[in-house]
>>> print(open('data_28.pdb').read())   # PDB, C-alpha atoms and all ligand atoms
ATOM      1  CA  MET U1281     158.952  28.906  62.599
ATOM      2  CA  HIS U1282     160.252  32.469  62.740
ATOM      3  CA  TRP U1283     160.159  34.568  59.578
ATOM      4  CA  THR U1284     163.831  35.435  60.033
ATOM      5  CA  THR U1285     164.752  31.738  60.010
ATOM      6  CA  HIS U1286     162.802  31.228  56.769
ATOM      7  CA  ILE U1287     164.540  34.208  55.111
ATOM      8  CA  ILE U1288     168.095  33.204  56.047
ATOM      9  CA  THR U1289     167.693  29.519  55.202
ATOM     10  CA  GLY U1290     165.968  30.463  51.930
ATOM     11  CA  ALA U1291     168.775  32.863  51.025
ATOM     12  CA  ASN U1292     171.350  30.156  51.735
ATOM     13  CA  LEU U1293     169.357  27.680  49.672
ATOM     14  CA  GLY U1294     169.311  30.152  46.777
ATOM     15  CA  GLY U1295     173.025  30.789  47.147
ATOM     16  CA  ALA U1296     173.764  27.073  46.996
ATOM     17  CA  LEU U1297     171.503  26.363  44.019
ATOM     18  CA  ASP U1298     172.387  29.386  41.893
ATOM     19  CA  ASN U1299     169.086  28.933  40.064
ATOM     20  CA  PRO U1300     166.308  31.473  40.837
ATOM     21  CA  ALA U1301     163.382  29.289  39.720
ATOM     22  CA  LEU U1302     164.558  26.217  41.617
ATOM     23  CA  ALA U1303     165.503  28.342  44.648
ATOM     24  CA  GLY U1304     161.977  29.802  44.709
ATOM     25  CA  LEU U1305     160.285  26.431  44.335
ATOM     26  CA  LEU U1306     162.400  24.649  46.951
ATOM     27  CA  GLY U1307     162.295  27.714  49.203
ATOM     28  CA  TYR U1308     158.481  27.613  49.150
ATOM     29  CA  ALA U1309     158.530  23.880  49.943
ATOM     30  CA  SER U1310     161.088  24.414  52.712
ATOM     31  CA  HIS U1311     158.622  26.712  54.471
ATOM     32  CA  ALA U1312     156.287  23.768  55.130
ATOM     33  CA  LEU U1313     159.170  21.580  56.294
ATOM     34  CA  LEU U1314     160.528  24.205  58.714
ATOM     35  CA  ASP U1315     157.057  25.061  60.043
ATOM     36  CA  ALA U1316     156.458  21.375  60.835
ATOM     37  CA  ILE U1317     159.592  21.165  63.030
ATOM     38  CA  PRO U1318     158.808  21.666  66.738
ATOM     39  CA  HIS U1319     159.277  25.341  67.636
ATOM     40  CA  HIS U1320     158.052  28.209  69.796
ATOM     41  CA  ASP U1321     155.713  30.802  68.290
ATOM     42  CA  PRO U1322     155.638  34.219  69.955
ATOM     43  CA  ASP U1323     152.897  34.592  72.569
ATOM     44  CA  ARG U1324     152.144  38.223  71.695
ATOM     45  CA  GLU U1325     152.076  40.351  68.553
ATOM     46  CA  ILE U1326     155.249  42.207  69.574
ATOM     47  CA  GLY U1327     157.237  38.992  69.000
ATOM     48  CA  TYR U1328     155.935  38.812  65.431
ATOM     49  CA  VAL U1329     156.670  42.499  64.846
ATOM     50  CA  ILE U1330     160.284  42.135  66.065
ATOM     51  CA  ASP U1331     160.746  38.984  63.972
ATOM     52  CA  SER U1332     159.281  40.719  60.898
ATOM     53  CA  MET U1333     161.513  43.764  61.323
ATOM     54  CA  LEU U1334     164.618  41.597  61.749
ATOM     55  CA  GLY U1335     163.698  39.530  58.692
ATOM     56  CA  GLY U1336     163.005  42.676  56.654
ATOM     57  CA  LEU U1337     166.370  44.138  57.633
ATOM     58  CA  ILE U1338     168.132  40.947  56.564
ATOM     59  CA  LEU U1339     166.359  41.071  53.183
ATOM     60  CA  LEU U1340     167.479  44.690  52.745
ATOM     61  CA  TYR U1341     171.011  43.768  53.788
ATOM     62  CA  LEU U1342     171.131  40.948  51.231
ATOM     63  CA  ARG U1343     169.876  43.334  48.541
ATOM     64  CA  LYS U1344     172.370  46.073  49.408
ATOM     65  CA  LYS U1345     175.438  43.948  50.147
ATOM     66  CA  ASP U1346     178.155  44.744  47.609
ATOM     67  CA  LYS U1347     179.387  41.172  47.515
ATOM     68  CA  TYR U1348     175.987  39.999  46.316
ATOM     69  CA  LYS U1349     175.463  42.955  43.955
ATOM     70  CA  GLN U1350     178.402  41.780  41.889
ATOM     71  CA  SER U1351     177.449  38.159  42.267
ATOM     72  CA  PRO U1352     175.575  36.500  39.411
ATOM     73  CA  ASN U1353     173.522  34.522  41.918
ATOM     74  CA  LEU U1354     171.887  37.543  43.613
ATOM     75  CA  SER U1355     168.537  36.725  42.003
ATOM     76  CA  SER U1356     168.809  33.142  43.226
ATOM     77  CA  VAL U1357     169.572  34.298  46.795
ATOM     78  CA  LEU U1358     166.669  36.775  46.769
ATOM     79  CA  SER U1359     164.300  34.257  45.176
ATOM     80  CA  GLY U1360     165.126  31.664  47.845
ATOM     81  CA  ALA U1361     164.704  34.242  50.627
ATOM     82  CA  PHE U1362     161.457  35.656  49.241
ATOM     83  CA  PHE U1363     159.642  32.435  48.375
ATOM     84  CA  SER U1364     160.677  30.649  51.565
ATOM     85  CA  SER U1365     159.298  33.490  53.670
ATOM     86  CA  MET U1366     156.307  34.448  51.486
ATOM     87  CA  PRO U1367     153.754  32.013  53.035
ATOM     88  CA  ASP U1368     153.965  33.908  56.350
ATOM     89  CA  LEU U1369     152.699  37.092  54.691
ATOM     90  CA  GLU U1370     149.160  35.742  55.075
ATOM     91  CA  LEU U1371     149.651  35.906  58.855
ATOM     92  CA  VAL U1372     149.980  39.709  58.806
ATOM     93  CA  VAL U1373     146.185  40.013  59.164
ATOM     94  CA  LYS U1374     146.579  38.676  62.742
ATOM     95  CA  ILE U1375     147.975  42.075  63.736
ATOM     96  CA  PHE U1376     144.668  43.745  62.858
ATOM     97  CA  GLY U1377     142.361  41.333  64.630
ATOM     98  CA  ASP U1378     141.469  37.824  65.668
ATOM     99  CA  VAL U1379     141.459  35.501  62.642
ATOM    100  CA  LYS U1380     140.493  31.855  62.816
ATOM    101  CA  ALA U1381     143.307  29.503  61.727
ATOM    102  CA  GLU U1382     141.023  27.697  59.243
ATOM    103  CA  ARG U1383     140.906  30.856  57.118
ATOM    104  CA  PHE U1384     144.595  30.612  56.230
ATOM    105  CA  PHE U1385     145.753  28.945  53.002
ATOM    106  CA  PHE U1386     149.093  27.394  53.952
ATOM    107  CA  PRO U1387     148.676  23.935  55.580
ATOM    108  CA  THR U1388     151.037  24.681  58.477
ATOM    109  CA  HIS U1389     149.038  27.840  59.266
ATOM    110  CA  ASN U1390     145.488  26.490  59.008
ATOM    111  CA  GLY U1391     146.008  23.467  61.255
ATOM    112  CA  GLU U1392     146.215  20.765  58.563
ATOM    113  CA  VAL U1393     149.888  20.238  59.498
ATOM    114  CA  GLN U1394     150.664  20.929  63.132
ATOM    115  CA  HIS U1395     153.907  21.270  65.044
ATOM    116  CA  ARG U1396     154.816  20.500  68.615
ATOM    117  CA  ARG U1397     155.358  23.594  70.772
ATOM    118  CA  ILE U1398     158.692  23.777  72.617
ATOM    119  CA  SER U1399     160.240  26.352  74.960
ATOM    120  CA  PHE U1400     161.610  29.633  73.621
ATOM    121  CA  TRP U1401     165.241  28.798  74.447
ATOM    122  CA  ILE U1402     165.198  25.320  72.902
ATOM    123  CA  SER U1403     163.482  26.799  69.851
ATOM    124  CA  LEU U1404     166.111  29.547  69.634
ATOM    125  CA  PHE U1405     168.890  26.941  69.816
ATOM    126  CA  LEU U1406     167.190  24.732  67.224
ATOM    127  CA  GLU U1407     166.511  27.610  64.800
ATOM    128  CA  THR U1408     170.049  28.963  65.207
ATOM    129  CA  SER U1409     171.383  25.469  64.453
ATOM    130  CA  ILE U1410     169.201  25.230  61.334
ATOM    131  CA  VAL U1411     170.421  28.646  60.139
ATOM    132  CA  ALA U1412     174.065  27.663  60.782
ATOM    133  CA  LEU U1413     173.579  24.335  59.010
ATOM    134  CA  SER U1414     172.061  26.083  55.971
ATOM    135  CA  PHE U1415     174.967  28.565  55.954
ATOM    136  CA  PHE U1416     177.618  25.826  55.970
ATOM    137  CA  ALA U1417     175.686  23.722  53.433
ATOM    138  CA  CYS U1418     175.555  26.760  51.125
ATOM    139  CA  ARG U1419     179.316  27.343  51.499
ATOM    140  CA  TYR U1420     180.012  23.654  50.877
ATOM    141  CA  PHE U1421     177.988  23.524  47.656
ATOM    142  CA  LYS U1422     179.411  26.839  46.410
ATOM    143  CA  ASN U1423     182.994  25.633  47.003
ATOM    144  CA  ARG U1424     182.202  22.318  45.339
ATOM    145  CA  LYS U1425     180.879  24.133  42.252
ATOM    146  CA  ARG U1426     183.948  26.372  42.138
ATOM    147  CA  LEU U1427     186.322  23.381  42.215
ATOM    148  CA  THR U1428     184.577  21.521  39.364
TER     149      THR U1428
HETATM  150 ZN    ZN O1501     154.774  29.748  58.378
END
>>> encode(input="data_28.pdb", output="structure tokens")
Amino acid sequence: MHWTTHIITGANLGGALDNPALAGLLGYASHALLDAIPHHDPDREIGYVIDSMLGGLILLYLRKKDKYKQSPNLSSVLSGAFFSSMPDLELVVKIFGDVKAERFFFPTHNGEVQHRRISFWISLFLETSIVALSFFACRYFKNRKRLT
């Protein structure tokens, strides 16, 4: 699954939970779940670089956004975003050379848990839907908390 998808869904998870430790733990676990969903991985390194840059910009945006700066749940949002995307950091070594999948730690990266490969456009639709669902779930839980 794309790094950007992990970051946004993790941030939404953290925003909904408002608990940095739980957001980090569930964000880390969500990485395995999202990686196991059928998706399209980029064919060339440039796809990973673009995805990484987009994800990094979103992390910076979350950190700089005034609304979140004043929000008490900023640490929960950042924890969810960081820990849900962290497992992909081990894949950075692929940029510098050919690395066998068995050398990776995370089970969805080393082949222990595999995913079905689908077309780019179906994957884009699916990942966009997952991001939208996480956004609305976050808003729902935040509104529910505010009303109680
Ligand atoms: Zn991954």
>>> residues_near_ligand(input="data_28.pdb", ligand="ligand ZN 1501 (chain O)", cutoff="12 Å", atoms="only C-alpha atoms and all ligand atoms", output="PDB file with C-alpha atoms, in the coordinates of the input")
ATOM      1  CA  MET U1281     158.952  28.906  62.599  1.00  0.00           C
ATOM      2  CA  HIS U1282     160.252  32.469  62.740  1.00  0.00           C
ATOM      3  CA  TRP U1283     160.159  34.568  59.578  1.00  0.00           C
ATOM      4  CA  THR U1284     163.831  35.435  60.033  1.00  0.00           C
ATOM      5  CA  THR U1285     164.752  31.738  60.010  1.00  0.00           C
ATOM      6  CA  HIS U1286     162.802  31.228  56.769  1.00  0.00           C
ATOM      7  CA  ILE U1287     164.540  34.208  55.111  1.00  0.00           C
ATOM      8  CA  TYR U1308     158.481  27.613  49.150  1.00  0.00           C
ATOM      9  CA  ALA U1309     158.530  23.880  49.943  1.00  0.00           C
ATOM     10  CA  SER U1310     161.088  24.414  52.712  1.00  0.00           C
ATOM     11  CA  HIS U1311     158.622  26.712  54.471  1.00  0.00           C
ATOM     12  CA  ALA U1312     156.287  23.768  55.130  1.00  0.00           C
ATOM     13  CA  LEU U1313     159.170  21.580  56.294  1.00  0.00           C
ATOM     14  CA  LEU U1314     160.528  24.205  58.714  1.00  0.00           C
ATOM     15  CA  ASP U1315     157.057  25.061  60.043  1.00  0.00           C
ATOM     16  CA  ALA U1316     156.458  21.375  60.835  1.00  0.00           C
ATOM     17  CA  ILE U1317     159.592  21.165  63.030  1.00  0.00           C
ATOM     18  CA  HIS U1319     159.277  25.341  67.636  1.00  0.00           C
ATOM     19  CA  HIS U1320     158.052  28.209  69.796  1.00  0.00           C
ATOM     20  CA  ASP U1321     155.713  30.802  68.290  1.00  0.00           C
ATOM     21  CA  TYR U1328     155.935  38.812  65.431  1.00  0.00           C
ATOM     22  CA  PHE U1363     159.642  32.435  48.375  1.00  0.00           C
ATOM     23  CA  SER U1364     160.677  30.649  51.565  1.00  0.00           C
ATOM     24  CA  SER U1365     159.298  33.490  53.670  1.00  0.00           C
ATOM     25  CA  MET U1366     156.307  34.448  51.486  1.00  0.00           C
ATOM     26  CA  PRO U1367     153.754  32.013  53.035  1.00  0.00           C
ATOM     27  CA  ASP U1368     153.965  33.908  56.350  1.00  0.00           C
ATOM     28  CA  LEU U1369     152.699  37.092  54.691  1.00  0.00           C
ATOM     29  CA  GLU U1370     149.160  35.742  55.075  1.00  0.00           C
ATOM     30  CA  LEU U1371     149.651  35.906  58.855  1.00  0.00           C
ATOM     31  CA  VAL U1372     149.980  39.709  58.806  1.00  0.00           C
ATOM     32  CA  ALA U1381     143.307  29.503  61.727  1.00  0.00           C
ATOM     33  CA  PHE U1384     144.595  30.612  56.230  1.00  0.00           C
ATOM     34  CA  PHE U1385     145.753  28.945  53.002  1.00  0.00           C
ATOM     35  CA  PHE U1386     149.093  27.394  53.952  1.00  0.00           C
ATOM     36  CA  PRO U1387     148.676  23.935  55.580  1.00  0.00           C
ATOM     37  CA  THR U1388     151.037  24.681  58.477  1.00  0.00           C
ATOM     38  CA  HIS U1389     149.038  27.840  59.266  1.00  0.00           C
ATOM     39  CA  ASN U1390     145.488  26.490  59.008  1.00  0.00           C
ATOM     40  CA  GLY U1391     146.008  23.467  61.255  1.00  0.00           C
ATOM     41  CA  VAL U1393     149.888  20.238  59.498  1.00  0.00           C
ATOM     42  CA  GLN U1394     150.664  20.929  63.132  1.00  0.00           C
ATOM     43  CA  HIS U1395     153.907  21.270  65.044  1.00  0.00           C
TER      44      HIS U1395
END
>>> closest_residue(input="data_28.pdb", among="U:Ala1291, U:Ala1296, U:Gly1307, U:Ser1399", to="U:Tyr1341", atoms="only C-alpha atoms")
U:Ala1291
>>> closest_residue(input="data_28.pdb", among="U:Ile1398, U:Gly1377, U:Leu1297, U:Leu1305", to="U:Lys1425", atoms="only C-alpha atoms")
U:Leu1297
>>> atom_distance(input="data_28.pdb", atom1="atom CA of U:Ser1403", atom2="atom CA of U:Phe1376")
26.3 Å
>>> resolve_selection(input="data_28.pdb", expression="the PyMOL selection byres (((chain U and resi 1415) around 10) and not hetatm)", output="list in words")
Ile1288, Thr1289, Ala1291, Asn1292, Leu1293, Gly1295, Ala1296, Ser1409, Ile1410, Val1411, Ala1412, Leu1413, Ser1414, Phe1416, Ala1417, Cys1418, Arg1419 and Tyr1420 of chain U
>>> atom_distance(input="data_28.pdb", atom1="atom CA of U:Ala1303", atom2="atom CA of U:Gly1290")
7.6 Å
>>> atom_distance(input="data_28.pdb", atom1="atom CA of U:Arg1324", atom2="atom CA of U:Glu1392")
22.6 Å
>>> closest_residue(input="data_28.pdb", among="U:Lys1380, U:Pro1300, U:Phe1400, U:Ile1375", to="U:Pro1322", atoms="all atoms listed in the file")
U:Phe1400
>>> axis_aligned_box(input="data_28.pdb", around="stretch 1411-1414 of chain U", padding_each_side="6 Å", output="JSON")
{"center_x": 172.2, "center_y": 26.5, "center_z": 58.4, "size_x": 15.6, "size_y": 16.3, "size_z": 16.8}
>>> closest_residue(input="data_28.pdb", among="U:Ala1361, U:Gly1336, U:Arg1397, U:Leu1404", to="U:Asp1323", atoms="all atoms listed in the file")
U:Arg1397
>>> residues_around(input="data_28.pdb", residues="U:Leu1354", least_positions_apart="6", cutoff="10 Å", atoms="only C-alpha atoms", output="VMD selection string")
chain U and resid 1291 1294 to 1295 1298 to 1300 1342 to 1343 1345 1347 to 1348 1360
